[in-house]
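**Student:** Here you go, query-v3.tsv (TSV, C-alpha atoms):
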```
chain	number	residue	atom	x	y	z
A	887	PRO	CA	14.68	-5.86	-27.46
A	888	ILE	CA	11.25	-4.95	-26.05
A	889	GLU	CA	11.21	-1.63	-24.16
A	890	ILE	CA	7.45	-0.84	-24.04
A	891	VAL	CA	4.57	-3.22	-23.37
A	892	ASP	CA	1.44	-1.77	-24.96
A	893	LYS	CA	-2.28	-2.10	-24.19
A	894	TYR	CA	-3.76	-5.59	-24.21
A	895	ALA	CA	-0.39	-7.22	-24.85
A	896	ILE	CA	-0.67	-10.02	-22.25
A	897	GLY	CA	-3.96	-11.86	-21.77
A	898	LEU	CA	-3.77	-15.65	-21.50
A	899	ASP	CA	-5.60	-17.67	-18.85
A	900	SER	CA	-2.78	-20.21	-18.78
A	901	ILE	CA	-0.22	-17.68	-17.46
A	902	LYS	CA	0.66	-18.12	-13.78
A	903	LYS	CA	3.72	-15.84	-13.53
A	904	ILE	CA	4.85	-12.79	-15.47
A	905	THR	CA	8.45	-11.60	-15.25
A	906	PHE	CA	9.43	-8.52	-17.24
A	907	GLY	CA	12.94	-8.65	-18.71
A	908	GLU	CA	15.68	-6.12	-18.09
A	909	THR	CA	15.00	-4.21	-21.33
A	910	VAL	CA	11.32	-3.47	-20.52
A	911	LYS	CA	11.13	0.07	-19.17
A	912	GLU	CA	7.53	1.20	-19.71
A	913	LEU	CA	4.10	-0.40	-19.23
A	914	ARG	CA	0.98	1.03	-20.82
A	915	SER	CA	-2.51	0.97	-19.33
A	916	ARG	CA	-4.22	-2.47	-19.43
A	917	CYS	CA	-1.12	-4.17	-20.80
A	918	ILE	CA	-2.01	-7.19	-18.61
A	919	PHE	CA	-5.67	-8.18	-18.89
A	920	ASP	CA	-8.07	-11.06	-18.19
A	921	THR	CA	-5.35	-13.36	-16.80
A	922	SER	CA	-7.59	-15.26	-14.42
A	923	ASN	CA	-4.91	-17.75	-13.28
A	924	LEU	CA	-2.06	-15.27	-12.83
A	925	GLU	CA	-0.38	-15.65	-9.41
A	926	VAL	CA	2.88	-13.66	-9.45
A	927	ILE	CA	3.95	-10.46	-11.23
A	928	ASP	CA	7.65	-9.49	-11.23
A	929	PHE	CA	8.07	-5.98	-12.62
A	930	GLY	CA	11.78	-6.45	-13.33
A	931	HIS	CA	13.41	-3.10	-14.15
A	932	VAL	CA	10.34	-1.15	-15.28
A	933	GLU	CA	10.78	2.61	-14.81
A	934	LYS	CA	7.38	3.99	-15.80
A	935	MET	CA	3.82	2.69	-15.58
A	936	GLU	CA	0.57	4.21	-16.72
A	937	ALA	CA	-2.50	3.87	-14.51
A	938	TYR	CA	-4.24	0.48	-14.54
A	939	VAL	CA	-1.48	-1.68	-15.98
A	940	LEU	CA	-3.59	-4.56	-14.64
A	941	PHE	CA	-7.14	-4.96	-15.92
A	942	GLN	CA	-9.53	-7.64	-14.63
A	943	CYS	CA	-6.74	-9.74	-13.10
A	944	TYR	CA	-8.42	-11.44	-10.15
A	945	SER	CA	-6.20	-14.13	-8.70
A	946	PHE	CA	-2.61	-12.94	-8.32
A	947	ASN	CA	-1.22	-13.15	-4.81
A	948	LYS	CA	2.23	-11.56	-5.11
A	949	ILE	CA	3.68	-8.44	-6.70
A	950	ILE	CA	7.43	-7.83	-6.86
A	951	LEU	CA	8.03	-4.14	-7.51
A	952	PRO	CA	10.70	-2.96	-9.98
A	953	ARG	CA	14.34	-3.30	-8.96
A	954	ASN	CA	14.86	0.44	-9.29
A	955	ASN	CA	12.99	3.64	-8.48
A	956	PHE	CA	9.92	4.01	-10.69
A	957	GLU	CA	6.92	6.21	-11.36
A	958	ILE	CA	3.29	5.19	-11.69
A	959	ASN	CA	0.48	7.42	-12.90
A	960	GLY	CA	-2.32	6.12	-10.67
A	961	GLN	CA	-3.46	2.69	-9.48
A	962	PHE	CA	-2.01	-0.65	-10.53
A	963	GLN	CA	-5.33	-2.41	-10.92
A	964	GLN	CA	-8.75	-1.73	-12.44
A	965	HIS	CA	-12.00	-3.68	-12.07
A	966	ALA	CA	-11.22	-6.61	-9.82
A	967	VAL	CA	-12.95	-8.55	-7.07
A	968	PHE	CA	-10.04	-10.43	-5.60
A	969	GLN	CA	-9.98	-14.15	-4.98
A	970	SER	CA	-6.78	-14.06	-2.92
A	971	LYS	CA	-4.83	-11.74	-0.63
A	972	VAL	CA	-1.75	-10.01	-2.03
A	973	THR	CA	1.84	-9.78	-0.81
A	974	VAL	CA	3.81	-6.75	-2.03
A	975	GLU	CA	7.60	-7.21	-2.15
A	976	ILE	CA	9.94	-4.20	-2.30
A	977	PRO	CA	13.43	-4.98	-3.69
A	978	LYS	CA	16.56	-3.60	-2.02
A	979	GLU	CA	17.25	-1.27	-4.97
A	980	VAL	CA	14.08	0.79	-4.37
A	981	THR	CA	15.03	3.86	-2.35
A	982	GLU	CA	12.09	6.15	-3.15
A	983	LEU	CA	8.59	4.76	-3.55
A	984	PRO	CA	5.99	6.77	-5.48
A	985	LYS	CA	3.18	7.70	-3.13
A	986	GLU	CA	0.64	6.38	-5.62
A	987	ALA	CA	2.01	2.85	-5.20
A	988	PHE	CA	0.72	2.36	-1.68
A	989	GLY	CA	-2.45	2.70	0.30
A	990	ILE	CA	-4.55	4.07	-2.51
A	991	ASP	CA	-4.32	0.73	-4.28
A	992	GLN	CA	-6.01	-1.09	-1.41
A	993	SER	CA	-9.37	-0.10	-2.89
A	994	THR	CA	-8.60	-2.45	-5.80
A	995	MET	CA	-5.88	-4.74	-4.43
A	996	GLU	CA	-6.36	-6.65	-1.17
A	997	VAL	CA	-2.93	-6.31	0.44
A	998	GLU	CA	-2.17	-8.72	3.29
A	999	LYS	CA	1.53	-8.09	3.84
A	1000	TYR	CA	4.55	-6.08	2.78
A	1001	ILE	CA	8.02	-7.60	2.44
A	1002	VAL	CA	11.23	-5.60	2.03
A	1003	GLU	CA	14.34	-7.30	0.67
A	1004	GLU	CA	17.26	-7.35	3.09
A	1005	GLY	CA	19.75	-4.58	2.39
A	1006	ASN	CA	17.23	-1.90	1.39
A	1007	PRO	CA	18.63	1.39	2.77
A	1008	SER	CA	15.29	3.26	2.91
A	1009	TYR	CA	12.49	0.88	3.90
A	1010	GLU	CA	11.74	-2.06	6.14
A	1011	ALA	CA	8.73	-4.21	6.94
A	1012	ILE	CA	7.97	-5.10	10.55
A	1013	ASP	CA	5.17	-7.60	11.18
A	1014	ASP	CA	4.00	-7.08	7.57
A	1015	VAL	CA	3.65	-3.28	7.93
A	1016	LEU	CA	5.80	-0.98	5.77
A	1017	TYR	CA	7.94	1.78	7.31
A	1018	THR	CA	10.80	4.05	6.39
A	1019	LYS	CA	14.00	3.24	8.23
A	1020	PRO	CA	14.62	5.43	11.30
A	1021	GLN	CA	16.11	8.83	10.58
A	1022	ASP	CA	16.28	12.14	12.47
A	1023	GLY	CA	14.82	10.53	15.57
A	1024	GLY	CA	11.80	8.87	13.99
A	1025	ARG	CA	10.27	6.96	11.12
A	1026	THR	CA	7.18	7.10	8.89
A	1027	LEU	CA	4.52	4.41	8.65
A	1028	ILE	CA	4.13	4.07	4.87
A	1029	GLY	CA	1.60	1.27	4.43
A	1030	TYR	CA	-0.66	-0.76	6.69
A	1031	PRO	CA	-2.02	-3.82	4.82
A	1032	MET	CA	-5.81	-3.71	4.94
A	1033	TYR	CA	-6.04	-7.50	5.25
A	1034	LYS	CA	-3.44	-7.94	7.98
A	1035	PRO	CA	-5.21	-10.59	10.12
A	1036	VAL	CA	-5.38	-8.69	13.42
A	1037	GLU	CA	-8.20	-6.71	15.00
A	1038	SER	CA	-6.04	-4.23	16.92
A	1039	PHE	CA	-2.81	-2.45	16.07
A	1040	VAL	CA	-0.52	-0.18	18.08
A	1041	ILE	CA	1.61	2.19	16.04
A	1042	PRO	CA	5.22	1.71	17.27
A	1043	GLU	CA	6.63	4.42	19.50
A	1044	ASP	CA	9.45	5.29	17.09
A	1045	VAL	CA	6.90	6.37	14.45
A	1046	THR	CA	6.62	10.16	14.21
A	1047	THR	CA	4.65	10.42	10.94
A	1048	ILE	CA	1.70	8.53	9.48
A	1049	GLY	CA	2.26	8.76	5.73
A	1050	ASP	CA	0.04	9.53	2.78
A	1051	ASN	CA	-2.54	6.75	2.23
A	1052	ALA	CA	-1.02	4.65	5.05
A	1053	PHE	CA	-4.37	3.22	6.27
A	1054	TRP	CA	-6.29	3.79	3.06
A	1055	PHE	CA	-9.42	1.64	2.73
A	1056	CYS	CA	-9.16	-0.14	6.08
A	1057	CYS	CA	-12.95	-0.16	6.13
A	1058	GLU	CA	-15.59	-2.76	6.99
A	1059	LYS	CA	-13.81	-5.49	4.99
A	1060	SER	CA	-10.60	-5.04	6.97
A	1061	PRO	CA	-10.06	-7.06	10.18
A	1062	LEU	CA	-8.70	-3.90	11.87
A	1063	LYS	CA	-11.15	-2.60	14.50
A	1064	GLU	CA	-8.96	-0.83	17.06
A	1065	LEU	CA	-6.02	1.49	16.47
A	1066	THR	CA	-3.66	3.07	19.00
A	1067	ILE	CA	-1.79	6.14	17.81
A	1068	SER	CA	1.31	6.19	20.00
A	1069	LYS	CA	2.65	9.19	21.85
A	1070	ASN	CA	5.43	10.20	19.46
A	1071	VAL	CA	3.28	10.67	16.33
A	1072	LYS	CA	3.44	14.35	15.39
A	1073	THR	CA	2.25	14.44	11.77
A	1074	VAL	CA	-0.63	12.81	9.88
A	1075	GLU	CA	-0.21	13.24	6.13
A	1076	THR	CA	-2.79	13.64	3.36
A	1077	LEU	CA	-5.39	10.85	3.01
A	1078	ALA	CA	-3.67	8.79	5.72
A	1079	PHE	CA	-7.02	7.50	6.98
A	1080	SER	CA	-9.38	7.96	4.06
A	1081	TYR	CA	-12.06	5.25	3.90
A	1082	THR	CA	-10.84	3.93	7.24
A	1083	ARG	CA	-13.52	2.83	9.68
A	1084	LEU	CA	-12.78	1.71	13.25
A	1085	ASP	CA	-14.70	0.66	16.34
A	1086	ARG	CA	-12.14	2.18	18.69
A	1087	LEU	CA	-9.40	4.78	18.41
A	1088	ILE	CA	-6.89	5.30	21.22
A	1089	LEU	CA	-5.02	8.57	20.79
A	1090	LEU	CA	-1.87	8.90	22.90
A	1091	ALA	CA	-0.20	11.53	20.72
A	1092	ASN	CA	-0.10	15.31	20.75
A	1093	ILE	CA	-0.46	15.58	16.98
A	1094	GLU	CA	0.93	18.86	15.70
A	1095	THR	CA	0.16	18.67	11.96
A	1096	ILE	CA	-2.83	17.12	10.22
A	1097	MET	CA	-2.81	17.61	6.48
A	1098	PHE	CA	-5.87	18.02	4.26
A	1099	SER	CA	-8.34	15.09	4.11
A	1100	SER	CA	-6.62	12.97	6.77
A	1101	SER	CA	-9.94	12.05	8.37
A	1102	LEU	CA	-11.12	8.66	9.56
A	1103	SER	CA	-14.49	7.53	10.88
A	1104	VAL	CA	-15.22	5.64	14.06
A	1105	ASN	CA	-18.23	3.33	13.95
A	1106	ALA	CA	-21.11	5.39	15.32
A	1107	THR	CA	-22.81	2.37	16.88
A	1108	LYS	CA	-19.70	1.26	18.76
A	1109	ALA	CA	-17.87	4.55	18.98
A	1110	SER	CA	-15.09	4.74	21.53
A	1111	ILE	CA	-12.39	7.36	21.27
A	1112	ALA	CA	-9.88	7.60	24.10
A	1113	SER	CA	-7.70	10.71	23.98
A	1114	ILE	CA	-5.04	10.46	26.67
A	1115	PRO	CA	-2.81	13.58	26.32
A	1116	SER	CA	-3.55	17.19	27.21
A	1117	SER	CA	-6.14	19.37	25.51
A	1118	LYS	CA	-3.53	20.24	22.87
A	1119	SER	CA	-4.35	16.92	21.21
A	1120	ARG	CA	-6.67	16.62	18.27
A	1121	SER	CA	-8.39	13.50	16.96
A	1122	CYS	CA	-7.63	12.73	13.32
```
Please express the file's structure as structure tokens.
**Tutor:**
Amino acid sequence: PIEIVDKYAIGLDSIKKITFGETVKELRSRCIFDTSNLEVIDFGHVEKMEAYVLFQCYSFNKIILPRNNFEINGQFQQHAVFQSKVTVEIPKEVTELPKEAFGIDQSTMEVEKYIVEEGNPSYEAIDDVLYTKPQDGGRTLIGYPMYKPVESFVIPEDVTTIGDNAFWFCCEKSPLKELTISKNVKTVETLAFSYTRLDRLILLANIETIMFSSSLSVNATKASIASIPSSKSRSC
């Protein structure tokens, strides 16, 4: 049985869907390459991926993550100008996502929506946005899809943390122009807003912790930052 898929193993234009079998546990860098008609990738039960398992794959529109916890050493994709928007599906068996799997990939993968399989104990998607399930009085926003087709977004009031890479690369190409950070957000994690560019930021929260490099930019020509709480607040 095949356990490891090595570099340049899969590269046919005629392929539209790839499903890895139960025995495949490791994917090497660039193991899928130049598959210009590929639409769906099902990662099966893969446990370990090197960076850039996808190389010059332009047209896929759906990724189904492994049906188990997994590790990935960097980004999924390398060198792509996408021809379609991508849906990322998280199976119910995934209880701990690697931080590298989300946000940071939006620089090379144009995510439009997240879907979480019913019965997942750790995560859920609400209106295409990925969150942890509520615990200890709050939840974390894990991933906002850069191509979600709305211009304004209000972070739900039960969100207390904006996670690592959550709004990564929501820049000029993203439809998002206005963001409201609701009153119960207390923590903004590392790189939560890197390469994020907005026309308007509405800050309702008294944010207590902002980790390193959590900055975002507001369009200087249309800048509008509304900070509603007391002077304790800080813009991120």
**Student:** At what distance in Å, to one decimal, does CA of Lys934 in chain A lie from CA of Glu957 in chain A?
**Tutor:**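 Interatomic distance here is 5.0 Å.
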**Student:** Could you check the closest approach to Leu1089 in chain A for each of A:Asn1070, A:Asn955, A:Thr981, A:Asn1006 and tell me which residue wins, using only C-alpha atoms?
**Tutor:**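 Checking each candidate against Leu1089 in chain A, we get A:Asn1070 as the closest.
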**Student:** Kindly provide, as a list in words, the polymer residues lying within 7 Å of (2.0, 5.8, -13.1), counting all atoms listed in the file and using the coordinates exactly as they appear in the file.
**Tutor:**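 Residues with an atom close enough to that point: Lys934, Met935, Glu936, Ala937, Glu957, Ile958, Asn959 and Gly960 of chain A.
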**Student:** Put those residues in a file: C-alpha atoms, as a PDB file, in the coordinates of the input.
**Tutor:**
```pdb
ATOM      1  CA  LYS A 934       7.380   3.990 -15.800  1.00  0.00           C
ATOM      2  CA  MET A 935       3.820   2.690 -15.580  1.00  0.00           C
ATOM      3  CA  GLU A 936       0.570   4.210 -16.720  1.00  0.00           C
ATOM      4  CA  ALA A 937      -2.500   3.870 -14.510  1.00  0.00           C
ATOM      5  CA  GLU A 957       6.920   6.210 -11.360  1.00  0.00           C
ATOM      6  CA  ILE A 958       3.290   5.190 -11.690  1.00  0.00           C
ATOM      7  CA  ASN A 959       0.480   7.420 -12.900  1.00  0.00           C
ATOM      8  CA  GLY A 960      -2.320   6.120 -10.670  1.00  0.00           C
TER       9      GLY A 960
END
```
**Student:** Taking only C-alpha atoms into account, which of A:Gly1024, A:Gly897, A:Pro1042, A:Gly930 comes nearest Ile1012 in chain A?
**Tutor:**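 Ranking A:Gly1024, A:Gly897, A:Pro1042, A:Gly930 by distance to Ile1012 in chain A, first place goes to A:Pro1042.
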**Student:** A:Ile1096, A:Cys1057, A:Val972, A:Leu1062: which is nearest Val1074 in chain A, counting all atoms listed in the file?
**Tutor:**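 Closest residue, counting all atoms listed in the file: A:Ile1096.
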**Student:** So that I can check the surroundings of range 941-948 of chain A, please list as number ranges by chain every protein, DNA and RNA residue that reaches within 9 Å of it, counting all atoms listed in the file and ignoring chain neighbours fewer than 3 positions away.
**Tutor:** A: 894, 902-903, 915-928, 938, 962-975, 997
**Student:** Hey, can you check how far CA of Thr1095 in chain A sits from CA of Thr1073 in chain A?
**Tutor:** 4.7 Å
**Student:** Looking at A:Val939, A:His931, A:Ile1001, A:Lys978, which one is nearest to Val891 in chain A, with distances taken over only C-alpha atoms?
**Tutor:** A:Val939
**Student:** List every protein, DNA or RNA residue with an atom no more than 8 Å from (-14.2, -1.5, 5.8) in the file's coordinates, counting all atoms listed in the file, and format the result as number ranges by chain.
**Tutor:** A: 1055-1060, 1081-1083
**Student:** For those residues, write C-alpha atoms to a file as a JSON list (two decimals), in the frame of the given file.
**Tutor:**
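Okay, again09.json is ready:
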```
[["chain", "number", "residue", "atom", "x", "y", "z"],
["A", 1055, "PHE", "CA", -9.42, 1.64, 2.73],
["A", 1056, "CYS", "CA", -9.16, -0.14, 6.08],
["A", 1057, "CYS", "CA", -12.95, -0.16, 6.13],
["A", 1058, "GLU", "CA", -15.59, -2.76, 6.99],
["A", 1059, "LYS", "CA", -13.81, -5.49, 4.99],
["A", 1060, "SER", "CA", -10.60, -5.04, 6.97],
["A", 1081, "TYR", "CA", -12.06, 5.25, 3.90],
["A", 1082, "THR", "CA", -10.84, 3.93, 7.24],
["A", 1083, "ARG", "CA", -13.52, 2.83, 9.68]]
```
**Student:** Quick one: pull the distance between CA of Asn954 in chain A and CA of Glu1010 in chain A, Å, one decimal.
**Tutor:** 15.9 Å
**Student:** Could you tell me which of A:Lys1063, A:Lys1072, A:Lys1034, A:Arg1025 comes closest to Met1097 in chain A if we count all atoms listed in the file?
**Tutor:**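 When distances to Met1097 in chain A are compared using all atoms listed in the file, the smallest one comes from A:Lys1072.
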**Student:** Using all atoms listed in the file for the distances, tell me which of A:Pro887, A:Val1045, A:Pro1035, A:Pro1007 is nearest to Gly1023 in chain A.
**Tutor:**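 Checking each of A:Pro887, A:Val1045, A:Pro1035, A:Pro1007 against Gly1023 in chain A, counting all atoms listed in the file, the winner is A:Val1045.
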**Student:** Mind giving me the axis-aligned box for range 1022-1030 of chain A with 6 Å on every side, centre plus edges in Å to one decimal, as lines of an AutoDock Vina configuration file?
**Tutor:**
```
center_x = 7.8
center_y = 5.7
center_z = 10.0
size_x = 28.9
size_y = 24.9
size_z = 23.1
```
